[in-house]
Each structure stands twice: as C-alpha cells, then as structure tokens.
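Q: Here it is, the structure in full.
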Amino acid sequence: MFDRPLKTAVAFIIFKRPAETQRVFAEIRKVKPPKLLVVADGPRPDKPGEDLQCAETRAVIEQVDWECEVLQNYADSNLGCRQRVSSGLNWVFDTVEEAIIIEDDCLPDRSFFYFAEELLDRYRDDERIMSISGQNVQFGKQRTDFSYYFSRYTHCWSWASWRRAWRHYDLEMKLWPQVRDGNFLMDVLGDPH
C-alpha cells in the first residue's frame, strides 16, 4: 500500500526553519505527490537574518526530484501566522478540490498520507465531515474498535480537507460571542464538581 505514489495534492506550509522543513520534505518525497502547493510567509523586517532563513527554507522545495507540479505562493513580507496560513489555504483550495496539509514543524508518518487520501475519498461528499486529522491527543486511549473516530473538534497538525469544507472557515470568528457566552467549555470539559 505504501509503495505507490500518492494521488492527492499536498499543501506544505513553510516559513524559516530549513532543517525542520528538510525533515518534513523527506517524508513528502517518500510518497511523491503529483502536486505540491507550497505556502511560505515572508521575513519580518525587525528580525536580522530571517530573510536568509526564509530563503534557505524555500530552497528545500527545489529538491523535488519526482514527477510533480510544484506551485508556490510565497509572501514577500511577513503576514503573520494567522493571515499567511489562512490566505495560503484560500489559495490552495482555489487551486485544488482537496489536499493534505502539512506544516514545516509537523513530522507525519508516511502512513498518514495514505490514511488521509483514503478518507478524503471516502467522505468527499459527506457534508458532516470537515477534515481528516493525523493528530491524536487520546494519549493511548482506544475509544473504538476502529482505526479512527469522529470528533466535533478540529485538530490542525497534519490534516486534510476539501474545498467544500474550507469555504466554512471564518478567519474573523464571527460566532465567537455566541460560543463564549454559551456552554461550550462546560460541554467540552464537563462540570468540575
């Protein structure tokens, strides 16, 4: 199963960490996605040397040595994490219908790419499912007999999604007052008494 090239596009979000980017890129290289969409923030003007770090990080992408369409969305100046990731993913989902999203500081296991690809296909038209996550914060607790579970909470370190789901993303968090004033935390954490 893991000896075939991936069929799904990979979005790779990078910034200024060439060593970490190289490690994650090595995992991406193993699965040889047909399309690599690279989102990069620019250097902060008040951080000496950051322009060089950004350039070294971006140079890692030049190592693509398999048949792959590489698309780059590089910011000239620093937008900050919130704006860069959001605008970058807007670009990703304007470009492709679905993608596996990896950040430069998240080292996915090779199996995650195939897991995500399979579930992207399985739940493509299921409006109840918004993303596939590779993050598991269950601390070894097995909640079901299956290899994955459904949750209403989004985990965003190594994940995958569809354009149809990303259109619901709200950078401004318009529902926050309603969530803040409601019982959200009580629903999540339970009554402490």
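Numbering starts fresh at 1 for the residues of each chain in the structure tokens, the chains themselves are lettered A, B, ... in the order given, and ligands are numbered from 1 as they appear.
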Near stretch 10-19 of chain A, counting only C-alpha atoms, which residues have an atom at most 9 Å away, once you skip same-chain residues fewer than 6 positions from it, shown as a ChimeraX atom specification?

A: /A:25,28,33-43,50-60,85,88-89,92,98-105,113,160

Q: Tell me, as a PDB file with N, CA and C atoms, in the first residue's frame, which residues lie within 8 Å of stretch 134-145 of chain A, counting only C-alpha atoms; anything in the same chain fewer than 3 positions away does not count.

A:
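File out_28.pdb, as written:
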```
ATOM      1  N   PRO A 108       4.969  14.061   9.771  1.00  0.00           N
ATOM      2  CA  PRO A 108       3.981  12.989   9.630  1.00  0.00           C
ATOM      3  C   PRO A 108       4.648  11.651   9.323  1.00  0.00           C
ATOM      4  N   PHE A 112       0.344   8.297   7.264  1.00  0.00           N
ATOM      5  CA  PHE A 112      -0.680   9.339   7.374  1.00  0.00           C
ATOM      6  C   PHE A 112      -1.162   9.799   6.005  1.00  0.00           C
ATOM      7  N   ALA A 116      -5.026   9.678   5.027  1.00  0.00           N
ATOM      8  CA  ALA A 116      -5.752  10.896   4.655  1.00  0.00           C
ATOM      9  C   ALA A 116      -6.351  10.761   3.260  1.00  0.00           C
ATOM     10  N   TYR A 148      -9.942   4.913  13.427  1.00  0.00           N
ATOM     11  CA  TYR A 148     -10.171   6.354  13.556  1.00  0.00           C
ATOM     12  C   TYR A 148     -11.520   6.576  14.221  1.00  0.00           C
ATOM     13  N   TYR A 149     -11.761   7.801  14.637  1.00  0.00           N
ATOM     14  CA  TYR A 149     -13.021   8.142  15.282  1.00  0.00           C
ATOM     15  C   TYR A 149     -13.477   9.502  14.776  1.00  0.00           C
ATOM     16  N   HIS A 155      -8.462  19.232  14.823  1.00  0.00           N
ATOM     17  CA  HIS A 155      -7.038  19.193  15.161  1.00  0.00           C
ATOM     18  C   HIS A 155      -6.282  19.522  13.879  1.00  0.00           C
ATOM     19  N   CYS A 156      -5.384  20.466  13.959  1.00  0.00           N
ATOM     20  CA  CYS A 156      -4.811  21.004  12.714  1.00  0.00           C
ATOM     21  C   CYS A 156      -3.330  20.725  12.519  1.00  0.00           C
ATOM     22  N   TRP A 157      -2.786  19.699  13.139  1.00  0.00           N
ATOM     23  CA  TRP A 157      -1.390  19.376  12.884  1.00  0.00           C
ATOM     24  C   TRP A 157      -1.346  18.109  12.049  1.00  0.00           C
ATOM     25  N   SER A 158      -1.083  18.280  10.788  1.00  0.00           N
ATOM     26  CA  SER A 158      -1.160  17.231   9.764  1.00  0.00           C
ATOM     27  C   SER A 158      -2.622  16.839   9.587  1.00  0.00           C
ATOM     28  N   TRP A 159      -3.222  17.416   8.571  1.00  0.00           N
ATOM     29  CA  TRP A 159      -4.641  17.201   8.332  1.00  0.00           C
ATOM     30  C   TRP A 159      -4.917  17.251   6.841  1.00  0.00           C
TER      31      TRP A 159
END
```

Q: Based on the backbone DSSP call, show me all residues of stretch 125-173 of chain A assigned helix (DSSP H, G or I), as a VMD selection string.

A: chain A and resid 163 to 166

Q: Could you write out the selected residues, including N, CA and C atoms, as an mmCIF file, in the first residue's frame?

A:
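File produced: part.cif:
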```cif
data_model
loop_
_atom_site.group_PDB
_atom_site.id
_atom_site.type_symbol
_atom_site.label_atom_id
_atom_site.label_comp_id
_atom_site.auth_asym_id
_atom_site.auth_seq_id
_atom_site.Cartn_x
_atom_site.Cartn_y
_atom_site.Cartn_z
ATOM 1 N N ARG A 163 -12.252 21.609 -0.543
ATOM 2 C CA ARG A 163 -12.700 22.974 -0.825
ATOM 3 C C ARG A 163 -14.095 23.201 -0.216
ATOM 4 N N ARG A 164 -14.973 22.219 -0.364
ATOM 5 C CA ARG A 164 -16.345 22.360 0.139
ATOM 6 C C ARG A 164 -16.372 22.628 1.643
ATOM 7 N N ALA A 165 -15.396 22.116 2.380
ATOM 8 C CA ALA A 165 -15.339 22.334 3.830
ATOM 9 C C ALA A 165 -14.632 23.647 4.158
ATOM 10 N N TRP A 166 -13.560 23.944 3.437
ATOM 11 C CA TRP A 166 -12.790 25.159 3.719
ATOM 12 C C TRP A 166 -13.643 26.413 3.537
#
```

Q: To test your reading of the structure, identify every residue in chain A that backbone DSSP assigns to strand (DSSP E), and report it as a PyMOL selection string.

A: chain A and resi 10-14+35-40+69-74+98-103+131-133+159-162

Q: Restricted to C-alpha atoms, what would the selected residues look like written as a short mmCIF file (atom, residue, chain, number, x, y, z; two decimals), in the first residue's frame?

A:
```cif
data_model
loop_
_atom_site.label_atom_id
_atom_site.label_comp_id
_atom_site.auth_asym_id
_atom_site.auth_seq_id
_atom_site.Cartn_x
_atom_site.Cartn_y
_atom_site.Cartn_z
CA VAL A 10 -0.04 18.08 -0.68
CA ALA A 11 -0.04 21.63 0.68
CA PHE A 12 3.20 22.35 2.54
CA ILE A 13 3.28 25.41 4.81
CA ILE A 14 6.80 26.69 5.49
CA LYS A 35 1.13 18.24 -6.96
CA LEU A 36 2.91 20.17 -4.21
CA LEU A 37 1.44 23.52 -3.23
CA VAL A 38 3.92 25.45 -1.10
CA VAL A 39 2.78 28.33 1.10
CA ALA A 40 5.52 30.45 2.66
CA GLU A 69 3.72 20.02 -10.37
CA VAL A 70 5.14 22.46 -7.83
CA LEU A 71 3.10 25.61 -7.20
CA GLN A 72 4.44 28.32 -4.92
CA ASN A 73 2.58 31.00 -3.00
CA TYR A 74 5.37 32.95 -1.31
CA GLU A 98 -8.86 18.62 -1.81
CA ALA A 99 -5.44 18.49 -0.21
CA ILE A 100 -3.35 17.04 2.56
CA ILE A 101 -1.97 19.92 4.64
CA ILE A 102 1.42 19.64 6.34
CA GLU A 103 3.34 22.32 8.23
CA SER A 131 -11.41 17.41 7.87
CA ILE A 132 -9.22 14.37 8.39
CA SER A 133 -6.66 14.76 11.16
CA TRP A 159 -4.64 17.20 8.33
CA ALA A 160 -6.57 17.05 5.09
CA SER A 161 -9.72 18.69 3.79
CA TRP A 162 -11.84 19.68 0.84
#
```
